[in-house]
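K.L.:
Input file: input_34.cif. Contents: mmCIF, C-alpha atoms.
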```cif
data_run
loop_
_atom_site.group_PDB
_atom_site.id
_atom_site.type_symbol
_atom_site.label_atom_id
_atom_site.label_comp_id
_atom_site.auth_asym_id
_atom_site.auth_seq_id
_atom_site.Cartn_x
_atom_site.Cartn_y
_atom_site.Cartn_z
ATOM 1 C CA MET A 1 46.977 -37.091 105.625
ATOM 2 C CA ILE A 2 47.820 -35.787 109.098
ATOM 3 C CA ALA A 3 48.152 -39.256 110.653
ATOM 4 C CA GLU A 4 50.957 -40.126 108.221
ATOM 5 C CA LEU A 5 53.103 -37.350 109.721
ATOM 6 C CA LEU A 6 52.849 -38.489 113.330
ATOM 7 C CA PRO A 7 53.981 -41.541 115.349
ATOM 8 C CA ARG A 8 51.642 -44.287 116.529
ATOM 9 C CA SER A 9 51.573 -42.788 120.011
ATOM 10 C CA VAL A 10 49.512 -39.921 118.553
ATOM 11 C CA THR A 11 45.879 -40.307 117.454
ATOM 12 C CA ALA A 12 45.067 -37.993 114.556
ATOM 13 C CA TYR A 13 42.034 -37.258 112.409
ATOM 14 C CA ASP A 14 41.416 -34.889 109.530
ATOM 15 C CA THR A 15 38.595 -34.046 107.141
ATOM 16 C CA PHE A 16 37.748 -31.956 104.122
ATOM 17 C CA ALA A 17 34.068 -31.754 105.185
ATOM 18 C CA ASP A 18 32.514 -29.824 108.052
ATOM 19 C CA ALA A 19 30.543 -31.306 110.920
ATOM 20 C CA SER A 20 26.773 -31.338 110.593
ATOM 21 C CA GLY A 21 24.267 -30.885 113.370
ATOM 22 C CA ASP A 22 24.778 -29.758 116.952
ATOM 23 C CA VAL A 23 28.188 -30.983 118.049
ATOM 24 C CA LEU A 24 29.166 -28.247 120.511
ATOM 25 C CA PHE A 25 28.743 -28.100 124.271
ATOM 26 C CA PRO A 26 26.897 -25.003 125.586
ATOM 27 C CA GLU A 27 30.190 -23.569 126.859
ATOM 28 C CA GLU A 28 31.653 -23.900 123.361
ATOM 29 C CA GLU A 29 28.543 -22.426 121.760
ATOM 30 C CA ALA A 30 29.038 -19.335 123.915
ATOM 31 C CA VAL A 31 32.533 -18.847 122.497
ATOM 32 C CA VAL A 32 31.282 -18.628 118.904
ATOM 33 C CA ALA A 33 27.831 -17.175 119.569
ATOM 34 C CA ARG A 34 28.629 -14.040 117.555
ATOM 35 C CA ALA A 35 31.036 -15.607 115.086
ATOM 36 C CA VAL A 36 30.448 -15.755 111.340
ATOM 37 C CA ASP A 37 29.327 -19.080 109.885
ATOM 38 C CA LYS A 38 32.783 -19.987 108.557
ATOM 39 C CA ARG A 39 34.343 -19.556 112.005
ATOM 40 C CA ARG A 40 31.552 -21.578 113.665
ATOM 41 C CA ARG A 41 32.008 -24.470 111.222
ATOM 42 C CA GLU A 42 35.781 -24.567 111.701
ATOM 43 C CA PHE A 43 35.435 -24.366 115.468
ATOM 44 C CA ALA A 44 32.801 -27.118 115.609
ATOM 45 C CA THR A 45 34.476 -29.493 113.183
ATOM 46 C CA VAL A 46 37.882 -29.572 114.888
ATOM 47 C CA ARG A 47 36.180 -30.191 118.229
ATOM 48 C CA GLU A 48 34.155 -33.050 116.835
ATOM 49 C CA LEU A 49 37.383 -34.532 115.449
ATOM 50 C CA ALA A 50 39.109 -34.004 118.793
ATOM 51 C CA ARG A 51 36.392 -35.816 120.723
ATOM 52 C CA THR A 52 36.530 -38.689 118.235
ATOM 53 C CA ALA A 53 40.293 -38.928 118.720
ATOM 54 C CA MET A 54 40.036 -38.703 122.512
ATOM 55 C CA ALA A 55 37.396 -41.437 122.535
ATOM 56 C CA GLU A 56 40.018 -43.783 121.073
ATOM 57 C CA LEU A 57 42.106 -43.019 124.145
ATOM 58 C CA GLY A 58 39.187 -43.745 126.461
ATOM 59 C CA VAL A 59 38.555 -40.085 127.291
ATOM 60 C CA ALA A 60 34.945 -38.966 127.736
ATOM 61 C CA PRO A 61 33.727 -36.002 125.652
ATOM 62 C CA VAL A 62 34.233 -32.644 127.359
ATOM 63 C CA PRO A 63 34.115 -28.981 126.273
ATOM 64 C CA LEU A 64 37.362 -27.871 124.631
ATOM 65 C CA LEU A 65 37.576 -24.158 125.317
ATOM 66 C CA PRO A 66 40.268 -21.826 123.968
ATOM 67 C CA ASP A 67 42.631 -19.953 126.260
ATOM 68 C CA ARG A 68 43.452 -16.267 125.819
ATOM 69 C CA ARG A 69 45.756 -17.088 122.916
ATOM 70 C CA GLY A 70 43.231 -19.422 121.285
ATOM 71 C CA ALA A 71 45.004 -22.655 122.211
ATOM 72 C CA PRO A 72 42.553 -25.419 123.236
ATOM 73 C CA ARG A 73 42.508 -26.494 126.883
ATOM 74 C CA TRP A 74 42.799 -30.271 126.880
ATOM 75 C CA PRO A 75 41.583 -32.616 129.647
ATOM 76 C CA GLU A 76 44.062 -33.594 132.339
ATOM 77 C CA GLY A 77 46.532 -36.154 131.013
ATOM 78 C CA ILE A 78 45.980 -35.253 127.342
ATOM 79 C CA VAL A 79 48.084 -33.149 124.974
ATOM 80 C CA GLY A 80 46.962 -32.127 121.535
ATOM 81 C CA SER A 81 46.827 -29.650 118.699
ATOM 82 C CA MET A 82 44.181 -28.428 116.253
ATOM 83 C CA THR A 83 44.351 -26.723 112.882
ATOM 84 C CA HIS A 84 42.055 -25.571 110.120
ATOM 85 C CA CYS A 85 42.299 -23.710 106.853
ATOM 86 C CA ASP A 86 39.928 -23.290 103.916
ATOM 87 C CA GLY A 87 38.438 -26.726 103.271
ATOM 88 C CA TYR A 88 40.608 -28.717 105.688
ATOM 89 C CA ARG A 89 40.492 -29.455 109.453
ATOM 90 C CA ALA A 90 42.765 -31.683 111.542
ATOM 91 C CA VAL A 91 43.409 -32.707 115.139
ATOM 92 C CA ALA A 92 46.098 -34.748 116.891
ATOM 93 C CA VAL A 93 45.980 -35.932 120.530
ATOM 94 C CA ALA A 94 48.000 -38.229 122.782
ATOM 95 C CA ARG A 95 48.419 -39.241 126.393
ATOM 96 C CA ALA A 96 50.718 -36.893 128.276
ATOM 97 C CA ARG A 97 52.578 -39.817 129.830
ATOM 98 C CA GLU A 98 53.726 -40.783 126.318
ATOM 99 C CA VAL A 99 53.928 -37.464 124.464
ATOM 100 C CA CYS A 100 54.804 -34.099 125.999
ATOM 101 C CA ALA A 101 53.953 -31.818 123.067
ATOM 102 C CA ILE A 102 52.192 -31.862 119.701
ATOM 103 C CA GLY A 103 51.958 -29.207 117.027
ATOM 104 C CA VAL A 104 50.010 -29.450 113.766
ATOM 105 C CA ASP A 105 49.204 -26.817 111.187
ATOM 106 C CA ALA A 106 47.623 -26.636 107.731
ATOM 107 C CA GLU A 107 47.767 -23.826 105.194
ATOM 108 C CA PRO A 108 46.764 -23.353 101.545
ATOM 109 C CA ASN A 109 49.504 -24.453 99.155
ATOM 110 C CA ALA A 110 49.802 -20.914 97.853
ATOM 111 C CA PRO A 111 52.352 -18.116 98.318
ATOM 112 C CA LEU A 112 52.090 -15.920 101.380
ATOM 113 C CA PRO A 113 50.354 -12.558 100.849
ATOM 114 C CA ASP A 114 52.559 -9.665 99.809
ATOM 115 C CA GLY A 115 54.582 -8.215 102.643
ATOM 116 C CA VAL A 116 54.250 -11.226 104.959
ATOM 117 C CA LEU A 117 57.421 -13.117 104.046
ATOM 118 C CA ASP A 118 59.809 -10.567 105.536
ATOM 119 C CA VAL A 119 57.789 -10.510 108.752
ATOM 120 C CA VAL A 120 57.728 -14.280 109.363
ATOM 121 C CA THR A 121 61.194 -15.303 108.140
ATOM 122 C CA VAL A 122 64.840 -14.446 108.763
ATOM 123 C CA PRO A 123 67.353 -13.718 105.957
ATOM 124 C CA ALA A 124 68.865 -17.234 106.056
ATOM 125 C CA GLU A 125 65.422 -18.756 105.498
ATOM 126 C CA ARG A 126 64.690 -16.449 102.586
ATOM 127 C CA ALA A 127 67.882 -17.575 100.839
ATOM 128 C CA VAL A 128 66.842 -21.235 101.199
ATOM 129 C CA LEU A 129 63.309 -20.458 100.040
ATOM 130 C CA ALA A 130 64.575 -18.827 96.850
ATOM 131 C CA GLU A 131 66.525 -21.998 96.007
ATOM 132 C CA LEU A 132 63.606 -24.292 96.774
ATOM 133 C CA ALA A 133 61.180 -22.214 94.715
ATOM 134 C CA ALA A 134 63.486 -22.544 91.716
ATOM 135 C CA THR A 135 64.063 -26.298 92.042
ATOM 136 C CA HIS A 136 60.685 -27.483 93.382
ATOM 137 C CA PRO A 137 58.083 -24.965 92.150
ATOM 138 C CA LYS A 138 54.982 -27.055 92.919
ATOM 139 C CA VAL A 139 55.310 -26.379 96.665
ATOM 140 C CA ALA A 140 54.631 -22.971 98.234
ATOM 141 C CA TRP A 141 57.789 -23.124 100.351
ATOM 142 C CA ASP A 142 57.227 -19.787 102.044
ATOM 143 C CA ARG A 143 53.843 -21.014 103.222
ATOM 144 C CA LEU A 144 55.368 -24.319 104.310
ATOM 145 C CA VAL A 145 57.955 -22.529 106.478
ATOM 146 C CA PHE A 146 55.199 -20.388 107.973
ATOM 147 C CA SER A 147 53.175 -23.543 108.726
ATOM 148 C CA ALA A 148 56.172 -25.319 110.244
ATOM 149 C CA LYS A 149 56.738 -22.389 112.597
ATOM 150 C CA GLU A 150 53.083 -22.509 113.592
ATOM 151 C CA SER A 151 53.448 -26.212 114.408
ATOM 152 C CA VAL A 152 56.562 -25.532 116.470
ATOM 153 C CA PHE A 153 54.843 -22.708 118.341
ATOM 154 C CA LYS A 154 51.777 -24.868 119.009
ATOM 155 C CA ALA A 155 54.019 -27.512 120.563
ATOM 156 C CA TRP A 156 55.995 -24.938 122.567
ATOM 157 C CA TYR A 157 53.311 -22.630 123.973
ATOM 158 C CA PRO A 158 50.988 -24.987 125.910
ATOM 159 C CA ARG A 159 53.871 -26.272 128.018
ATOM 160 C CA THR A 160 55.817 -23.025 128.469
ATOM 161 C CA ARG A 161 53.039 -20.378 128.255
ATOM 162 C CA HIS A 162 55.702 -18.260 126.584
ATOM 163 C CA GLU A 163 54.950 -16.673 123.221
ATOM 164 C CA LEU A 164 57.576 -16.748 120.479
ATOM 165 C CA ASP A 165 58.101 -14.323 117.647
ATOM 166 C CA PHE A 166 58.463 -15.682 114.121
ATOM 167 C CA THR A 167 62.057 -14.446 114.033
ATOM 168 C CA GLU A 168 62.887 -16.591 117.084
ATOM 169 C CA ALA A 169 62.598 -19.791 115.059
ATOM 170 C CA GLU A 170 64.482 -20.818 111.925
ATOM 171 C CA VAL A 171 63.061 -23.605 109.751
ATOM 172 C CA VAL A 172 64.749 -25.553 106.961
ATOM 173 C CA PRO A 173 62.514 -27.879 104.891
ATOM 174 C CA VAL A 174 64.051 -31.007 103.350
ATOM 175 C CA PRO A 175 62.587 -31.693 99.874
ATOM 176 C CA GLU A 176 64.524 -34.794 98.804
ATOM 177 C CA GLY A 177 66.823 -37.593 99.925
ATOM 178 C CA GLU A 178 66.382 -39.919 102.881
ATOM 179 C CA ALA A 179 64.987 -37.083 105.026
ATOM 180 C CA ALA A 180 62.553 -35.823 102.375
ATOM 181 C CA GLY A 181 59.300 -34.574 103.854
ATOM 182 C CA THR A 182 60.897 -33.393 107.083
ATOM 183 C CA PHE A 183 61.995 -30.031 108.413
ATOM 184 C CA THR A 184 64.599 -29.020 110.931
ATOM 185 C CA PHE A 185 64.196 -26.042 113.196
ATOM 186 C CA THR A 186 66.252 -23.969 115.577
ATOM 187 C CA LEU A 187 64.800 -21.883 118.390
ATOM 188 C CA ALA A 188 66.514 -18.749 119.623
ATOM 189 C CA PRO A 189 64.112 -17.209 122.163
ATOM 190 C CA GLY A 190 65.022 -14.276 124.389
ATOM 191 C CA PRO A 191 66.942 -14.669 127.665
ATOM 192 C CA ASP A 192 63.757 -14.706 129.762
ATOM 193 C CA ALA A 193 62.291 -17.671 127.887
ATOM 194 C CA PRO A 194 62.304 -21.257 129.158
ATOM 195 C CA ASP A 195 65.183 -23.432 128.016
ATOM 196 C CA PRO A 196 64.315 -24.426 124.400
ATOM 197 C CA ARG A 197 66.562 -27.475 124.130
ATOM 198 C CA TRP A 198 63.784 -29.967 124.937
ATOM 199 C CA LEU A 199 62.048 -28.943 121.710
ATOM 200 C CA THR A 200 64.999 -28.585 119.363
ATOM 201 C CA VAL A 201 65.931 -32.263 119.530
ATOM 202 C CA ALA A 202 62.935 -33.104 117.337
ATOM 203 C CA ARG A 203 62.458 -33.057 113.583
ATOM 204 C CA GLY A 204 59.095 -32.136 112.120
ATOM 205 C CA ARG A 205 57.389 -33.565 109.062
ATOM 206 C CA TRP A 206 55.401 -32.071 106.203
ATOM 207 C CA THR A 207 53.309 -33.054 103.219
ATOM 208 C CA VAL A 208 51.515 -31.309 100.373
ATOM 209 C CA GLY A 209 48.318 -32.512 98.703
ATOM 210 C CA ASP A 210 44.770 -31.555 97.773
ATOM 211 C CA GLY A 211 45.724 -27.888 97.768
ATOM 212 C CA VAL A 212 47.067 -27.755 101.325
ATOM 213 C CA VAL A 213 50.430 -27.748 103.070
ATOM 214 C CA ILE A 214 50.432 -29.715 106.333
ATOM 215 C CA THR A 215 53.156 -29.737 108.983
ATOM 216 C CA ALA A 216 53.390 -31.641 112.242
ATOM 217 C CA LEU A 217 55.686 -32.640 115.066
ATOM 218 C CA SER A 218 55.410 -34.484 118.350
ATOM 219 C CA LEU A 219 57.861 -35.028 121.183
ATOM 220 C CA PRO A 220 58.034 -37.987 123.558
ATOM 221 C CA ALA A 221 57.453 -37.353 127.241
ATOM 222 C CA ALA A 222 61.138 -38.069 127.869
ATOM 223 C CA ASN A 223 61.882 -34.662 126.300
ATOM 224 C CA LEU A 224 60.201 -32.657 129.080
ATOM 225 C CA PRO A 225 61.857 -29.256 129.566
ATOM 226 C CA GLY A 226 64.345 -28.546 132.295
ATOM 227 C CA GLN A 227 64.770 -25.450 134.405
ATOM 228 C CA ARG A 228 64.639 -21.904 133.096
ATOM 229 C CA ARG A 229 67.870 -20.451 131.873
ATOM 230 C CA GLY A 230 69.668 -18.007 134.105
#
```
As structure tokens, how would this structure be written, given the file I've shared?
P.N.:
Amino acid sequence: MIAELLPRSVTAYDTFADASGDVLFPEEEAVVARAVDKRRREFATVRELARTAMAELGVAPVPLLPDRRGAPRWPEGIVGSMTHCDGYRAVAVARAREVCAIGVDAEPNAPLPDGVLDVVTVPAERAVLAELAATHPKVAWDRLVFSAKESVFKAWYPRTRHELDFTEAEVVPVPEGEAAGTFTFTLAPGPDAPDPRWLTVARGRWTVGDGVVITALSLPAANLPGQRRG
């Protein structure tokens, strides 16, 4: 499912089954040594997928350790993104000389928990979501917008090391027409943030199936960010 949302320059794998056996490096084992079984399985499975994807690019298997924010540290010359939710795991990787940023995210196709919508959306998004829920009720649009923002943030953070708030991004899903299955987004980070224009020229994609909402975007290396705003 995930590969259908990304260009050929990106190698992507997903699965609805967890890895079996010992697939982690000792350094990775140390990260999840005290984790519950569910967390260990998610952690191990996405790393097994990532190493499979990197092997297609000719990259030898290496430990993929999380940074302080949980984002995976990729080998030199590789960009990528991981995601997992109940029953689904996915990874996308590419060569940095071809792709400068990737973001993928998966969520259950179910409404956000009570109280979350107002925290992760802006008023304009909530108006659009109300319309979409009435006309296309089989999709959890609030969850899709949340997922799309996660994908955008996953593409943004590894290159900028600047964290965004959910209210600093506005997402509009497209449910029908020639652009069906895509989403547009606008970033409005604070004045101390890097220039966001390199990321806003892209359009993300989404799909729904097998109980999950999946979003993804990638940007070609030609979109590398410029200087910080004054």
K.L.:
I need the output of the PyMOL selection byres ((chain A and resi 120-136) around 12) for this file as a compact mmCIF listing (two decimals) with C-alpha atoms, keeping the file's coordinate frame; which residues are they?
P.N.:
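Here's the written file part-v4.txt:
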```txt
# COMPACT_ATOMS: atom_id res chain seq x y z
CA ALA A 110 49.80 -20.91 97.85
CA PRO A 111 52.35 -18.12 98.32
CA LEU A 112 52.09 -15.92 101.38
CA PRO A 113 50.35 -12.56 100.85
CA ASP A 114 52.56 -9.66 99.81
CA GLY A 115 54.58 -8.22 102.64
CA VAL A 116 54.25 -11.23 104.96
CA LEU A 117 57.42 -13.12 104.05
CA ASP A 118 59.81 -10.57 105.54
CA VAL A 119 57.79 -10.51 108.75
CA PRO A 137 58.08 -24.96 92.15
CA LYS A 138 54.98 -27.06 92.92
CA VAL A 139 55.31 -26.38 96.66
CA ALA A 140 54.63 -22.97 98.23
CA TRP A 141 57.79 -23.12 100.35
CA ASP A 142 57.23 -19.79 102.04
CA ARG A 143 53.84 -21.01 103.22
CA LEU A 144 55.37 -24.32 104.31
CA VAL A 145 57.96 -22.53 106.48
CA PHE A 146 55.20 -20.39 107.97
CA SER A 147 53.18 -23.54 108.73
CA ALA A 148 56.17 -25.32 110.24
CA LYS A 149 56.74 -22.39 112.60
CA GLU A 150 53.08 -22.51 113.59
CA LEU A 164 57.58 -16.75 120.48
CA ASP A 165 58.10 -14.32 117.65
CA PHE A 166 58.46 -15.68 114.12
CA THR A 167 62.06 -14.45 114.03
CA GLU A 168 62.89 -16.59 117.08
CA ALA A 169 62.60 -19.79 115.06
CA GLU A 170 64.48 -20.82 111.92
CA VAL A 171 63.06 -23.60 109.75
CA VAL A 172 64.75 -25.55 106.96
CA PRO A 173 62.51 -27.88 104.89
CA VAL A 174 64.05 -31.01 103.35
CA PRO A 175 62.59 -31.69 99.87
CA GLU A 176 64.52 -34.79 98.80
CA THR A 184 64.60 -29.02 110.93
CA PHE A 185 64.20 -26.04 113.20
CA THR A 186 66.25 -23.97 115.58
CA ALA A 188 66.51 -18.75 119.62
```
K.L.:
My list of candidates is A:Ile214, A:Ala33, A:Ile78, A:Leu57. Which is closest to Asp14 in chain A when distances are computed with all atoms listed in the file?
P.N.:
A:Ile214
K.L.:
Find, counting all atoms listed in the file, the residue in A:Leu199, A:Glu4, A:Ala92, A:Thr83 that gets nearest to Gly181 in chain A.
P.N.:
A:Glu4
K.L.:
Set the distance at 9 Å and use only C-alpha atoms: which residues neighbour range 58-71 of chain A once local chain neighbours fewer than 6 positions away are removed? I'd like the list as a list in words.
P.N.:
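The filter keeps Leu24, Phe25, Pro26, Glu27, Glu28, Val31, Arg47, Ala50, Arg51, Thr52, Ile78, Ser81, Met82, Lys154, Tyr157 and Pro158 of chain A.
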K.L.:
Once the PyMOL selection byres ((chain A and resi 6) around 12) has been applied to the shown file, what residues remain in the selection, as a ChimeraX atom specification?
P.N.:
/A:1-5,7-13,80-81,91-94,99,101-104,182,203-207,214-220
K.L.:
For range 31-46 of chain A, supply N, CA, C and O atoms and format the output as an mmCIF file, in the frame of the given file.
P.N.:
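out06.cif, written as the output of this step:
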```cif
data_model
loop_
_atom_site.group_PDB
_atom_site.id
_atom_site.type_symbol
_atom_site.label_atom_id
_atom_site.label_comp_id
_atom_site.auth_asym_id
_atom_site.auth_seq_id
_atom_site.Cartn_x
_atom_site.Cartn_y
_atom_site.Cartn_z
ATOM 1 N N VAL A 31 31.300 -19.425 123.057
ATOM 2 C CA VAL A 31 32.533 -18.847 122.497
ATOM 3 C C VAL A 31 32.302 -18.319 121.085
ATOM 4 O O VAL A 31 32.868 -17.287 120.692
ATOM 5 N N VAL A 32 31.482 -19.011 120.310
ATOM 6 C CA VAL A 32 31.282 -18.628 118.904
ATOM 7 C C VAL A 32 29.880 -18.080 118.658
ATOM 8 O O VAL A 32 29.405 -18.059 117.522
ATOM 9 N N ALA A 33 29.225 -17.645 119.702
ATOM 10 C CA ALA A 33 27.831 -17.175 119.569
ATOM 11 C C ALA A 33 27.699 -16.048 118.557
ATOM 12 O O ALA A 33 26.691 -15.945 117.849
ATOM 13 N N ARG A 34 28.696 -15.182 118.477
ATOM 14 C CA ARG A 34 28.629 -14.040 117.555
ATOM 15 C C ARG A 34 29.548 -14.198 116.352
ATOM 16 O O ARG A 34 29.769 -13.253 115.611
ATOM 17 N N ALA A 35 30.094 -15.376 116.178
ATOM 18 C CA ALA A 35 31.036 -15.607 115.086
ATOM 19 C C ALA A 35 30.302 -15.788 113.756
ATOM 20 O O ALA A 35 29.140 -16.200 113.715
ATOM 21 N N VAL A 36 31.006 -15.508 112.669
ATOM 22 C CA VAL A 36 30.448 -15.755 111.340
ATOM 23 C C VAL A 36 30.366 -17.252 111.110
ATOM 24 O O VAL A 36 31.009 -18.055 111.803
ATOM 25 N N ASP A 37 29.578 -17.660 110.119
ATOM 26 C CA ASP A 37 29.327 -19.080 109.885
ATOM 27 C C ASP A 37 30.608 -19.860 109.624
ATOM 28 O O ASP A 37 30.766 -20.984 110.118
ATOM 29 N N LYS A 38 31.527 -19.301 108.873
ATOM 30 C CA LYS A 38 32.783 -19.987 108.557
ATOM 31 C C LYS A 38 33.544 -20.316 109.842
ATOM 32 O O LYS A 38 34.031 -21.429 110.018
ATOM 33 N N ARG A 39 33.648 -19.338 110.732
ATOM 34 C CA ARG A 39 34.343 -19.556 112.005
ATOM 35 C C ARG A 39 33.637 -20.619 112.844
ATOM 36 O O ARG A 39 34.275 -21.483 113.447
ATOM 37 N N ARG A 40 32.312 -20.594 112.888
ATOM 38 C CA ARG A 40 31.552 -21.578 113.665
ATOM 39 C C ARG A 40 31.810 -22.984 113.135
ATOM 40 O O ARG A 40 31.985 -23.923 113.903
ATOM 41 N N ARG A 41 31.815 -23.146 111.809
ATOM 42 C CA ARG A 41 32.008 -24.470 111.222
ATOM 43 C C ARG A 41 33.408 -25.002 111.506
ATOM 44 O O ARG A 41 33.583 -26.181 111.817
ATOM 45 N N GLU A 42 34.413 -24.152 111.384
ATOM 46 C CA GLU A 42 35.781 -24.567 111.701
ATOM 47 C C GLU A 42 35.894 -24.985 113.165
ATOM 48 O O GLU A 42 36.449 -26.044 113.487
ATOM 49 N N PHE A 43 35.383 -24.145 114.027
ATOM 50 C CA PHE A 43 35.435 -24.366 115.468
ATOM 51 C C PHE A 43 34.754 -25.681 115.844
ATOM 52 O O PHE A 43 35.280 -26.485 116.629
ATOM 53 N N ALA A 44 33.564 -25.909 115.275
ATOM 54 C CA ALA A 44 32.801 -27.118 115.609
ATOM 55 C C ALA A 44 33.451 -28.377 115.054
ATOM 56 O O ALA A 44 33.525 -29.407 115.734
ATOM 57 N N THR A 45 33.939 -28.300 113.825
ATOM 58 C CA THR A 45 34.476 -29.493 113.183
ATOM 59 C C THR A 45 35.734 -29.994 113.882
ATOM 60 O O THR A 45 35.885 -31.204 114.116
ATOM 61 N N VAL A 46 36.664 -29.098 114.228
ATOM 62 C CA VAL A 46 37.882 -29.572 114.888
ATOM 63 C C VAL A 46 37.564 -30.148 116.266
ATOM 64 O O VAL A 46 38.234 -31.083 116.722
#
```
